[in-house]
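input.cif (mmCIF, C-alpha atoms) appears below.
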```
data_run
#
loop_
_atom_site.label_atom_id
_atom_site.label_comp_id
_atom_site.auth_asym_id
_atom_site.auth_seq_id
_atom_site.Cartn_x
_atom_site.Cartn_y
_atom_site.Cartn_z
CA MET A 1 81.36 111.42 116.20
CA VAL A 2 83.14 111.43 112.81
CA GLU A 3 86.12 113.71 112.64
CA THR A 4 87.29 114.31 109.10
CA ILE A 5 90.83 115.05 107.97
CA LYS A 6 90.93 116.60 104.50
CA ASP A 7 93.63 118.12 102.34
CA VAL A 8 96.27 116.06 104.07
CA GLU A 9 99.28 115.09 102.07
CA GLY A 10 100.03 111.47 101.47
CA LEU A 11 103.67 110.57 101.07
CA ASP A 12 103.58 110.57 97.28
CA ILE A 13 101.29 113.46 96.55
CA GLU A 14 103.96 116.12 95.99
CA LEU A 15 105.46 114.12 93.15
CA GLU A 16 102.30 113.99 91.15
CA GLU A 17 102.25 117.26 89.31
CA ASN A 18 105.35 116.58 87.23
CA ILE A 19 104.24 113.06 86.45
CA LEU A 20 100.81 114.18 85.30
CA ARG A 21 102.31 116.88 83.08
CA LYS A 22 104.71 114.38 81.50
CA ASN A 23 101.85 111.92 81.04
CA GLN A 24 99.77 114.57 79.27
CA GLU A 25 102.59 115.31 76.81
CA ILE A 26 103.02 111.66 75.90
CA ALA A 27 99.23 111.18 75.66
CA GLU A 28 99.10 113.99 73.09
CA GLU A 29 101.89 112.32 71.13
CA ASN A 30 99.98 109.00 71.27
CA ARG A 31 96.89 110.75 69.93
CA ARG A 32 98.89 112.23 67.06
CA ILE A 33 100.21 108.77 66.12
CA LEU A 34 96.72 107.25 66.32
CA ASP A 35 95.25 110.02 64.16
CA GLU A 36 98.00 109.78 61.56
CA ASN A 37 97.19 106.10 61.22
CA GLY A 38 93.42 106.59 61.14
CA ILE A 39 92.91 104.55 64.32
CA LEU A 40 89.98 105.12 66.68
CA CYS A 41 91.16 104.30 70.21
CA ILE A 42 88.96 103.58 73.23
CA ASP A 43 90.17 103.24 76.84
CA PHE A 44 88.11 101.02 79.20
CA MET A 45 88.37 101.58 82.95
CA GLY A 46 86.55 99.91 85.82
CA SER A 47 86.86 97.99 89.04
CA VAL A 48 88.11 94.42 89.03
CA GLY A 49 85.12 92.19 88.28
CA ALA A 50 83.07 94.91 86.59
CA GLY A 51 83.41 93.09 83.29
CA LYS A 52 85.80 95.16 81.17
CA THR A 53 87.18 92.09 79.38
CA SER A 54 83.69 90.73 78.70
CA VAL A 55 82.49 94.06 77.32
CA ILE A 56 85.50 94.33 74.98
CA ASN A 57 84.98 90.68 74.04
CA CYS A 58 81.40 91.49 73.01
CA LEU A 59 82.53 94.50 70.97
CA ILE A 60 85.18 92.49 69.13
CA GLY A 61 82.63 89.80 68.34
CA ALA A 62 80.23 92.39 66.93
CA LEU A 63 82.81 94.44 65.00
CA LYS A 64 85.61 92.16 63.85
CA LYS A 65 84.17 91.56 60.38
CA LYS A 66 83.86 95.28 59.73
CA TYR A 67 87.05 96.63 61.29
CA ARG A 68 90.63 95.52 61.88
CA ILE A 69 90.89 95.51 65.66
CA GLY A 70 93.82 95.57 68.08
CA VAL A 71 93.89 95.38 71.88
CA VAL A 72 96.24 96.71 74.56
CA GLY A 73 95.64 94.92 77.87
CA GLY A 74 96.88 96.22 81.20
CA ASP A 75 97.19 93.78 84.08
CA LEU A 76 99.48 93.46 87.10
CA THR A 77 100.94 90.05 86.38
CA THR A 78 98.53 87.77 84.50
CA LYS A 79 97.48 87.46 80.87
CA ILE A 80 94.27 85.43 81.13
CA ASP A 81 92.15 88.40 79.99
CA ALA A 82 94.48 89.05 77.05
CA GLU A 83 94.23 85.44 75.94
CA ILE A 84 90.43 85.54 75.98
CA LEU A 85 90.49 88.55 73.64
CA ALA A 86 93.27 87.12 71.44
CA SER A 87 91.11 84.06 70.78
CA HIS A 88 89.24 86.23 68.24
CA GLY A 89 92.44 86.25 66.16
CA VAL A 90 93.14 89.93 66.83
CA PRO A 91 96.59 91.18 67.85
CA VAL A 92 96.85 91.80 71.61
CA VAL A 93 99.72 93.51 73.39
CA GLN A 94 99.66 92.73 77.10
CA ILE A 95 101.35 95.17 79.47
CA ASN A 96 102.14 93.56 82.81
CA THR A 97 102.52 96.54 85.10
CA GLY A 98 103.89 94.53 88.03
CA ARG A 99 102.96 96.71 90.99
CA GLU A 100 101.53 99.65 89.09
CA CYS A 101 97.82 100.22 89.49
CA HIS A 102 97.13 101.97 86.19
CA LEU A 103 98.36 102.27 82.62
CA ASP A 104 100.04 105.54 81.72
CA ALA A 105 100.69 107.20 78.37
CA ASN A 106 104.31 106.05 78.33
CA LEU A 107 103.34 102.39 78.70
CA VAL A 108 100.76 102.75 75.92
CA SER A 109 103.34 104.48 73.72
CA ARG A 110 105.58 101.42 74.15
CA ALA A 111 102.69 99.13 73.30
CA LEU A 112 101.81 101.10 70.14
CA MET A 113 105.30 100.33 68.78
CA ARG A 114 104.49 96.61 68.85
CA PHE A 115 101.59 96.89 66.40
CA ASN A 116 101.66 97.31 62.67
CA LEU A 117 99.53 100.45 62.92
CA ASN A 118 98.64 100.38 59.22
CA ASP A 119 96.70 97.20 59.89
CA ILE A 120 94.50 98.58 62.69
CA ASP A 121 91.26 100.58 62.45
CA LEU A 122 90.09 100.25 66.04
CA LEU A 123 92.21 99.92 69.17
CA PHE A 124 90.71 98.90 72.50
CA ILE A 125 92.72 99.53 75.66
CA GLU A 126 91.75 97.57 78.77
CA ASN A 127 93.11 99.48 81.74
CA VAL A 128 94.24 97.87 85.02
CA GLY A 129 91.24 96.89 87.16
CA ASN A 130 90.58 99.58 89.68
CA VAL A 131 88.27 102.52 89.62
CA ILE A 132 90.57 105.15 91.14
CA CYS A 133 94.05 105.37 89.68
CA PRO A 134 93.54 105.22 85.88
CA ALA A 135 91.33 108.34 85.89
CA GLU A 136 94.19 110.79 86.19
CA PHE A 137 96.25 109.26 83.41
CA PRO A 138 94.78 109.93 79.96
CA LEU A 139 96.44 107.66 77.43
CA GLY A 140 95.72 109.48 74.18
CA ALA A 141 92.52 107.53 73.46
CA HIS A 142 89.63 109.23 71.66
CA ARG A 143 87.01 107.93 74.09
CA ARG A 144 87.08 106.79 77.70
CA VAL A 145 84.58 104.29 79.05
CA ALA A 146 83.88 103.23 82.63
CA VAL A 147 82.39 99.77 83.16
CA VAL A 148 80.36 99.28 86.35
CA SER A 149 78.60 96.14 87.50
CA VAL A 150 75.03 96.73 88.66
CA ILE A 151 75.71 94.23 91.45
CA GLU A 152 77.47 97.14 93.15
CA SER A 153 75.55 100.05 94.62
CA PRO A 154 75.16 103.54 93.08
CA TYR A 155 77.38 104.61 95.97
CA LEU A 156 80.31 103.29 93.88
CA ILE A 157 79.67 106.23 91.53
CA VAL A 158 79.45 108.77 94.38
CA LYS A 159 82.74 107.51 95.79
CA HIS A 160 84.69 108.01 92.54
CA PRO A 161 83.78 111.39 91.08
CA LEU A 162 87.11 111.82 89.28
CA THR A 163 86.65 108.63 87.25
CA PHE A 164 83.06 109.26 86.28
CA ALA A 165 83.74 112.89 85.38
CA SER A 166 86.52 111.77 83.01
CA VAL A 167 84.53 109.42 80.76
CA ASP A 168 82.34 109.72 77.68
CA VAL A 169 80.37 106.53 78.24
CA VAL A 170 79.43 104.48 81.32
CA VAL A 171 78.47 100.84 80.76
CA LEU A 172 76.11 99.49 83.43
CA ASN A 173 77.04 95.86 83.01
CA LYS A 174 75.46 92.61 84.27
CA VAL A 175 71.88 93.89 83.88
CA ASP A 176 70.91 90.23 83.45
CA LEU A 177 71.47 89.98 87.24
CA ALA A 178 69.67 93.23 88.08
CA GLU A 179 66.46 91.59 89.22
CA VAL A 180 68.11 88.84 91.31
CA VAL A 181 70.22 91.34 93.27
CA GLY A 182 67.57 94.08 93.37
CA ALA A 183 69.81 96.56 91.53
CA ASN A 184 68.84 100.23 91.55
CA LEU A 185 69.46 101.08 87.87
CA LYS A 186 67.82 104.48 88.08
CA GLY A 187 70.03 105.30 91.09
CA PHE A 188 73.18 104.50 89.09
CA GLU A 189 72.01 106.67 86.21
CA ASN A 190 71.12 109.61 88.47
CA GLU A 191 74.48 109.58 90.25
CA ILE A 192 76.41 109.35 86.96
CA LEU A 193 74.51 112.26 85.40
CA LYS A 194 74.94 114.37 88.55
CA ILE A 195 78.73 114.09 88.17
CA ASN A 196 78.83 114.07 84.38
CA PRO A 197 75.66 115.35 82.67
CA SER A 198 77.02 114.70 79.16
CA ALA A 199 77.93 111.04 79.75
CA SER A 200 76.10 108.36 77.75
CA VAL A 201 74.83 105.58 80.02
CA VAL A 202 74.44 102.18 78.35
CA LYS A 203 72.72 99.26 80.09
CA MET A 204 74.33 96.05 78.98
CA SER A 205 74.86 92.39 79.68
CA ALA A 206 78.22 91.38 78.28
CA LYS A 207 77.18 87.81 79.13
CA THR A 208 74.09 87.76 76.89
CA GLY A 209 75.30 90.41 74.42
CA ASN A 210 72.30 92.56 75.22
CA GLY A 211 73.08 96.28 74.74
CA VAL A 212 76.19 95.89 72.59
CA LYS A 213 74.53 97.73 69.65
CA GLU A 214 73.66 100.64 71.93
CA LEU A 215 77.27 100.73 73.15
CA ILE A 216 78.61 100.81 69.59
CA ASP A 217 76.28 103.74 68.86
CA ALA A 218 77.29 105.56 72.04
CA LEU A 219 80.96 105.16 71.13
CA GLY A 220 80.35 106.54 67.62
CA ILE A 221 82.01 103.53 65.99
CA MET B 1 98.76 86.16 69.36
CA VAL B 2 99.40 87.80 72.76
CA GLU B 3 102.64 89.72 72.97
CA THR B 4 103.61 90.55 76.52
CA ILE B 5 105.59 93.57 77.69
CA LYS B 6 107.02 93.06 81.17
CA ASP B 7 109.40 94.99 83.38
CA VAL B 8 108.50 98.24 81.68
CA GLU B 9 108.69 101.37 83.72
CA GLY B 10 105.59 103.42 84.27
CA LEU B 11 106.11 107.14 84.70
CA ASP B 12 106.03 107.03 88.47
CA ILE B 13 107.90 103.82 89.22
CA GLU B 14 111.33 105.33 89.84
CA LEU B 15 109.99 107.44 92.67
CA GLU B 16 108.68 104.54 94.63
CA GLU B 17 111.69 103.26 96.47
CA ASN B 18 112.20 106.35 98.60
CA ILE B 19 108.51 106.64 99.35
CA LEU B 20 108.26 103.03 100.45
CA ARG B 21 111.31 103.39 102.70
CA LYS B 22 109.87 106.53 104.29
CA ASN B 23 106.51 104.79 104.70
CA GLN B 24 108.18 101.86 106.45
CA GLU B 25 109.91 104.16 108.94
CA ILE B 26 106.67 105.93 109.85
CA ALA B 27 104.81 102.59 110.05
CA GLU B 28 107.35 101.41 112.63
CA GLU B 29 106.81 104.60 114.61
CA ASN B 30 103.02 104.07 114.44
CA ARG B 31 103.48 100.53 115.75
CA ARG B 32 105.58 101.79 118.64
CA ILE B 33 102.86 104.31 119.59
CA LEU B 34 100.14 101.64 119.34
CA ASP B 35 102.16 99.23 121.48
CA GLU B 36 102.92 101.86 124.12
CA ASN B 37 99.21 102.46 124.43
CA GLY B 38 98.25 98.77 124.47
CA ILE B 39 96.20 99.10 121.28
CA LEU B 40 95.66 96.18 118.90
CA CYS B 41 95.36 97.62 115.38
CA ILE B 42 93.91 95.87 112.33
CA ASP B 43 94.06 97.15 108.73
CA PHE B 44 91.27 96.07 106.34
CA MET B 45 91.92 96.14 102.59
CA GLY B 46 89.72 95.10 99.70
CA SER B 47 88.09 96.13 96.45
CA VAL B 48 85.23 98.62 96.44
CA GLY B 49 82.04 96.68 97.17
CA ALA B 50 83.79 93.74 98.85
CA GLY B 51 82.18 94.71 102.15
CA LYS B 52 84.98 96.15 104.29
CA THR B 53 82.64 98.54 106.09
CA SER B 54 80.07 95.81 106.72
CA VAL B 55 82.70 93.44 108.11
CA ILE B 56 84.06 96.12 110.48
CA ASN B 57 80.47 96.98 111.39
CA CYS B 58 79.88 93.34 112.39
CA LEU B 59 83.07 93.26 114.45
CA ILE B 60 82.18 96.45 116.31
CA GLY B 61 78.72 95.07 117.07
CA ALA B 62 80.22 91.87 118.47
CA LEU B 63 83.07 93.49 120.44
CA LYS B 64 81.99 96.92 121.61
CA LYS B 65 80.87 95.76 125.05
CA LYS B 66 84.21 94.10 125.72
CA TYR B 67 86.66 96.58 124.21
CA ARG B 68 86.96 100.32 123.65
CA ILE B 69 87.06 100.59 119.87
CA GLY B 70 88.24 103.31 117.46
CA VAL B 71 88.11 103.48 113.68
CA VAL B 72 90.24 105.18 111.03
CA GLY B 73 88.39 105.32 107.70
CA GLY B 74 90.10 106.02 104.39
CA ASP B 75 87.98 107.23 101.50
CA LEU B 76 88.56 109.50 98.51
CA THR B 77 85.93 112.12 99.23
CA THR B 78 82.91 110.71 101.06
CA LYS B 79 82.20 109.81 104.68
CA ILE B 80 79.12 107.62 104.38
CA ASP B 81 81.08 104.53 105.51
CA ALA B 82 82.51 106.43 108.47
CA GLU B 83 79.05 107.52 109.56
CA ILE B 84 77.74 103.96 109.48
CA LEU B 85 80.53 102.89 111.84
CA ALA B 86 80.22 105.98 114.06
CA SER B 87 76.56 105.11 114.68
CA HIS B 88 77.87 102.54 117.21
CA GLY B 89 79.05 105.47 119.33
CA VAL B 90 82.74 104.75 118.70
CA PRO B 91 85.19 107.51 117.72
CA VAL B 92 85.89 107.55 113.97
CA VAL B 93 88.55 109.59 112.22
CA GLN B 94 87.86 109.86 108.50
CA ILE B 95 90.76 110.53 106.16
CA ASN B 96 89.60 111.89 102.82
CA THR B 97 92.53 111.15 100.56
CA GLY B 98 91.21 113.19 97.63
CA ARG B 99 92.92 111.57 94.67
CA GLU B 100 95.09 109.14 96.59
CA CYS B 101 94.23 105.48 96.15
CA HIS B 102 95.55 104.17 99.46
CA LEU B 103 96.27 105.15 103.02
CA ASP B 104 99.91 105.48 103.98
CA ALA B 105 101.66 105.45 107.33
CA ASN B 106 101.95 109.23 107.40
CA LEU B 107 98.20 109.71 107.00
CA VAL B 108 97.55 107.17 109.76
CA SER B 109 100.10 108.89 112.00
CA ARG B 110 98.10 112.10 111.57
CA ALA B 111 94.88 110.27 112.39
CA LEU B 112 96.36 108.69 115.55
CA MET B 113 96.95 112.20 116.95
CA ARG B 114 93.20 112.83 116.85
CA PHE B 115 92.35 110.01 119.27
CA ASN B 116 92.74 109.91 123.00
CA LEU B 117 94.85 106.76 122.73
CA ASN B 118 94.44 105.90 126.42
CA ASP B 119 90.77 105.30 125.72
CA ILE B 120 91.25 102.78 122.90
CA ASP B 121 91.88 99.03 123.11
CA LEU B 122 91.17 98.09 119.51
CA LEU B 123 91.68 100.21 116.39
CA PHE B 124 90.20 99.22 113.04
CA ILE B 125 91.56 100.88 109.90
CA GLU B 126 89.41 100.74 106.78
CA ASN B 127 91.72 101.32 103.83
CA VAL B 128 90.67 102.98 100.56
CA GLY B 129 88.67 100.59 98.38
CA ASN B 130 90.95 99.00 95.87
CA VAL B 131 92.81 95.76 95.93
CA ILE B 132 96.14 96.93 94.46
CA CYS B 133 97.62 100.08 95.97
CA PRO B 134 97.25 99.63 99.75
CA ALA B 135 99.30 96.42 99.74
CA GLU B 136 102.67 98.14 99.49
CA PHE B 137 101.97 100.61 102.27
CA PRO B 138 102.03 98.97 105.70
CA LEU B 139 100.51 101.33 108.24
CA GLY B 140 101.91 99.94 111.48
CA ALA B 141 98.90 97.70 112.15
CA HIS B 142 99.38 94.36 113.94
CA ARG B 143 97.23 92.46 111.46
CA ARG B 144 96.23 92.95 107.86
CA VAL B 145 92.99 91.59 106.47
CA ALA B 146 91.78 91.36 102.87
CA VAL B 147 88.01 91.27 102.30
CA VAL B 148 86.83 89.59 99.10
CA SER B 149 83.27 89.14 97.89
CA VAL B 150 82.52 85.61 96.71
CA ILE B 151 80.45 87.19 93.93
CA GLU B 152 83.82 87.76 92.26
CA SER B 153 85.84 84.90 90.79
CA PRO B 154 88.90 83.23 92.36
CA TYR B 155 90.76 84.90 89.50
CA LEU B 156 90.61 88.11 91.60
CA ILE B 157 93.07 86.40 93.95
CA VAL B 158 95.37 85.28 91.14
CA LYS B 159 95.45 88.81 89.74
CA HIS B 160 96.60 90.42 93.01
CA PRO B 161 99.38 88.30 94.48
CA LEU B 162 101.00 91.21 96.33
CA THR B 163 97.86 91.97 98.33
CA PHE B 164 97.09 88.38 99.27
CA ALA B 165 100.71 87.67 100.18
CA SER B 166 100.69 90.64 102.58
CA VAL B 167 97.74 89.64 104.78
CA ASP B 168 97.18 87.48 107.84
CA VAL B 169 93.49 86.84 107.24
CA VAL B 170 91.28 86.73 104.15
CA VAL B 171 87.53 87.19 104.67
CA LEU B 172 85.42 85.54 101.97
CA ASN B 173 82.39 87.76 102.36
CA LYS B 174 78.79 87.51 101.08
CA VAL B 175 78.66 83.71 101.43
CA ASP B 176 74.89 84.15 101.83
CA LEU B 177 74.90 84.80 98.05
CA ALA B 178 77.27 81.93 97.21
CA GLU B 179 74.56 79.57 96.03
CA VAL B 180 72.65 82.13 93.94
CA VAL B 181 75.76 83.19 92.03
CA GLY B 182 77.33 79.72 91.90
CA ALA B 183 80.43 80.86 93.78
CA ASN B 184 83.48 78.60 93.78
CA LEU B 185 84.47 78.83 97.48
CA LYS B 186 87.03 76.04 97.24
CA GLY B 187 88.62 77.80 94.28
CA PHE B 188 89.03 81.01 96.32
CA GLU B 189 90.58 79.08 99.20
CA ASN B 190 92.99 77.20 96.94
CA GLU B 191 94.23 80.35 95.20
CA ILE B 192 94.71 82.19 98.50
CA LEU B 193 96.69 79.33 100.04
CA LYS B 194 98.84 78.98 96.92
CA ILE B 195 99.98 82.59 97.35
CA ASN B 196 99.97 82.67 101.14
CA PRO B 197 99.97 79.25 102.82
CA SER B 198 99.85 80.70 106.33
CA ALA B 199 96.79 82.90 105.74
CA SER B 200 93.61 82.19 107.69
CA VAL B 201 90.58 82.06 105.40
CA VAL B 202 87.25 82.95 107.04
CA LYS B 203 83.93 82.45 105.26
CA MET B 204 81.52 85.12 106.37
CA SER B 205 78.34 86.99 105.65
CA ALA B 206 78.63 90.48 107.09
CA LYS B 207 74.94 90.84 106.22
CA THR B 208 73.74 87.98 108.44
CA GLY B 209 76.63 88.08 110.92
CA ASN B 210 77.51 84.51 110.10
CA GLY B 211 81.25 83.85 110.60
CA VAL B 212 82.03 86.85 112.78
CA LYS B 213 83.08 84.61 115.71
CA GLU B 214 85.49 82.74 113.43
CA LEU B 215 86.91 86.07 112.26
CA ILE B 216 87.44 87.25 115.85
CA ASP B 217 89.30 83.99 116.55
CA ALA B 218 91.39 84.28 113.39
CA LEU B 219 92.39 87.84 114.35
CA GLY B 220 93.42 86.71 117.84
CA ILE B 221 91.21 89.35 119.49
#
```

Please go through the file and, once you have read it, give me the structure as structure tokens.
Amino acid sequence: MVETIKDVEGLDIELEENILRKNQEIAEENRRILDENGILCIDFMGSVGAGKTSVINCLIGALKKKYRIGVVGGDLTTKIDAEILASHGVPVVQINTGRECHLDANLVSRALMRFNLNDIDLLFIENVGNVICPAEFPLGAHRRVAVVSVIESPYLIVKHPLTFASVDVVVLNKVDLAEVVGANLKGFENEILKINPSASVVKMSAKTGNGVKELIDALGI
Amino acid sequence: MVETIKDVEGLDIELEENILRKNQEIAEENRRILDENGILCIDFMGSVGAGKTSVINCLIGALKKKYRIGVVGGDLTTKIDAEILASHGVPVVQINTGRECHLDANLVSRALMRFNLNDIDLLFIENVGNVICPAEFPLGAHRRVAVVSVIESPYLIVKHPLTFASVDVVVLNKVDLAEVVGANLKGFENEILKINPSASVVKMSAKTGNGVKELIDALGI
């Protein structure tokens, strides 16, 4: 009783190829600038509510004495997340994308110009909160991370193969709530590794700080 | 310590105006076809995991004896949601958008051709699961609904003004979990009404079926 339409063209699909090529060029230029300045850059993706800000917050707390950290925050219109992270005393450049559902390499290139890059060892990028659109737009970062809340179902992974294939590390966040909501942690892990066998999967609670050491190891920081 | 970059142009922003104009034209044509066939059409948006499928599932259960129902389901690659809804014995057309993060009027126009429109009174459209991109693409539906899980924070509303300004009804779903997670229901309601004072806000648990009558009333079905 389900009829499936595949390979249909949405109104904007034909425009994508040029945009993605241009994005790739600028991402490579971003990477060159980061490398020249000895900056390790990590891009965090994930659905709204998954806990990207909290995970980055944890990392800054754990690493700020050892490294000079900067943050680029992507958000449609608000800067509440950026202010939480800036409260550590680290420089934060907030990109308000307006209607745009993802950061792209050009936006990050503009943000890089706002930092004194000589004063940064570690740059965290918090992408706009959705688990679809950022995947296709590499930003020049050295690592990509997806943050997933275990309150969701493993079906979230199955639904978004492009995102989970594009990352180095998946953070299964909110494990402190796993028991209350009956989360299927093994199911998450299986679905991630089916799509991306080389991904590191880190169980974490950004709320309690549990797992942050494992995440730092997985990121090779 | 937060520097904000606004009004920057992402790589794809200049292309949008033409696409949105074209989308609007096709949406108006869809509406004309729906009206000619006496079909009431409702578009459901919301983040992945908010419970769009479960809410539509509840509505079909409550209404299938009274109306002839059809469903258009948007999803990147899977059809698990579509199969859940088809188990009611209603016709479901699944649109696998591939990489595209939203349905558009052209995709829905293609889906409408697959139905025998004389046999449908009520058409539910389940949009692709994210709370940003679908907002700008009206599909020709008579009503738009946003589904939000109360497990999230009211800040989800604040972050997505475009989506919540574009809807007639907001479903606050998973109220059965409100107490366990300490959800701030009043906070959700306040933020919604700040952005969209004429929106109807319906508290619901698609899991228990609680609130489905109120939703049917709010939708004017």

### Task
Name the residues captured by the PyMOL selection byres ((chain B) within 8 of (chain A)) when it is applied to the shown file; answer as number ranges by chain.
B: 1-13, 19, 23, 47-49, 75-78, 82-83, 86, 89-101, 103-104, 106-107, 111, 130-133, 152-153, 156, 158-160, 162

### Query
Separation of CA of Asp176 in chain A and CA of Lys207 in chain A, in Å?
8.0 Å

### Task
Carefully work through the PyMOL selection byres ((chain A and resi 62) around 12) for this structure and note down the residues it includes, as a ChimeraX atom specification.
/A:55-61,63-69,88,206,209-216,221

Can you write just those residues out, C-alpha atoms, as a tab-separated table (two decimals), keeping the file's coordinate frame?
```
chain	number	residue	atom	x	y	z
A	55	VAL	CA	82.49	94.06	77.32
A	56	ILE	CA	85.50	94.33	74.98
A	57	ASN	CA	84.98	90.68	74.04
A	58	CYS	CA	81.40	91.49	73.01
A	59	LEU	CA	82.53	94.50	70.97
A	60	ILE	CA	85.18	92.49	69.13
A	61	GLY	CA	82.63	89.80	68.34
A	63	LEU	CA	82.81	94.44	65.00
A	64	LYS	CA	85.61	92.16	63.85
A	65	LYS	CA	84.17	91.56	60.38
A	66	LYS	CA	83.86	95.28	59.73
A	67	TYR	CA	87.05	96.63	61.29
A	68	ARG	CA	90.63	95.52	61.88
A	69	ILE	CA	90.89	95.51	65.66
A	88	HIS	CA	89.24	86.23	68.24
A	206	ALA	CA	78.22	91.38	78.28
A	209	GLY	CA	75.30	90.41	74.42
A	210	ASN	CA	72.30	92.56	75.22
A	211	GLY	CA	73.08	96.28	74.74
A	212	VAL	CA	76.19	95.89	72.59
A	213	LYS	CA	74.53	97.73	69.65
A	214	GLU	CA	73.66	100.64	71.93
A	215	LEU	CA	77.27	100.73	73.15
A	216	ILE	CA	78.61	100.81	69.59
A	221	ILE	CA	82.01	103.53	65.99
```

### Query
What is the distance, in Å and to one decimal place, between CA of Ile42 in chain A and CA of Lys174 in chain A?
20.6 Å

### Task
Excluding Ile195 in chain B and residues on its chain fewer than 4 positions from it, collect all residues at most 12 Å away from it, counting only C-alpha atoms, and give them as a list in words.
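Skipping anything fewer than 4 positions along the chain leaves Ile157, Val158, Lys159, His160, Pro161, Leu162, Thr163, Phe164, Ala165, Ser166, Val167, Asp168, Val170, Phe188, Glu189, Asn190, Glu191 and Ala199 of chain B.
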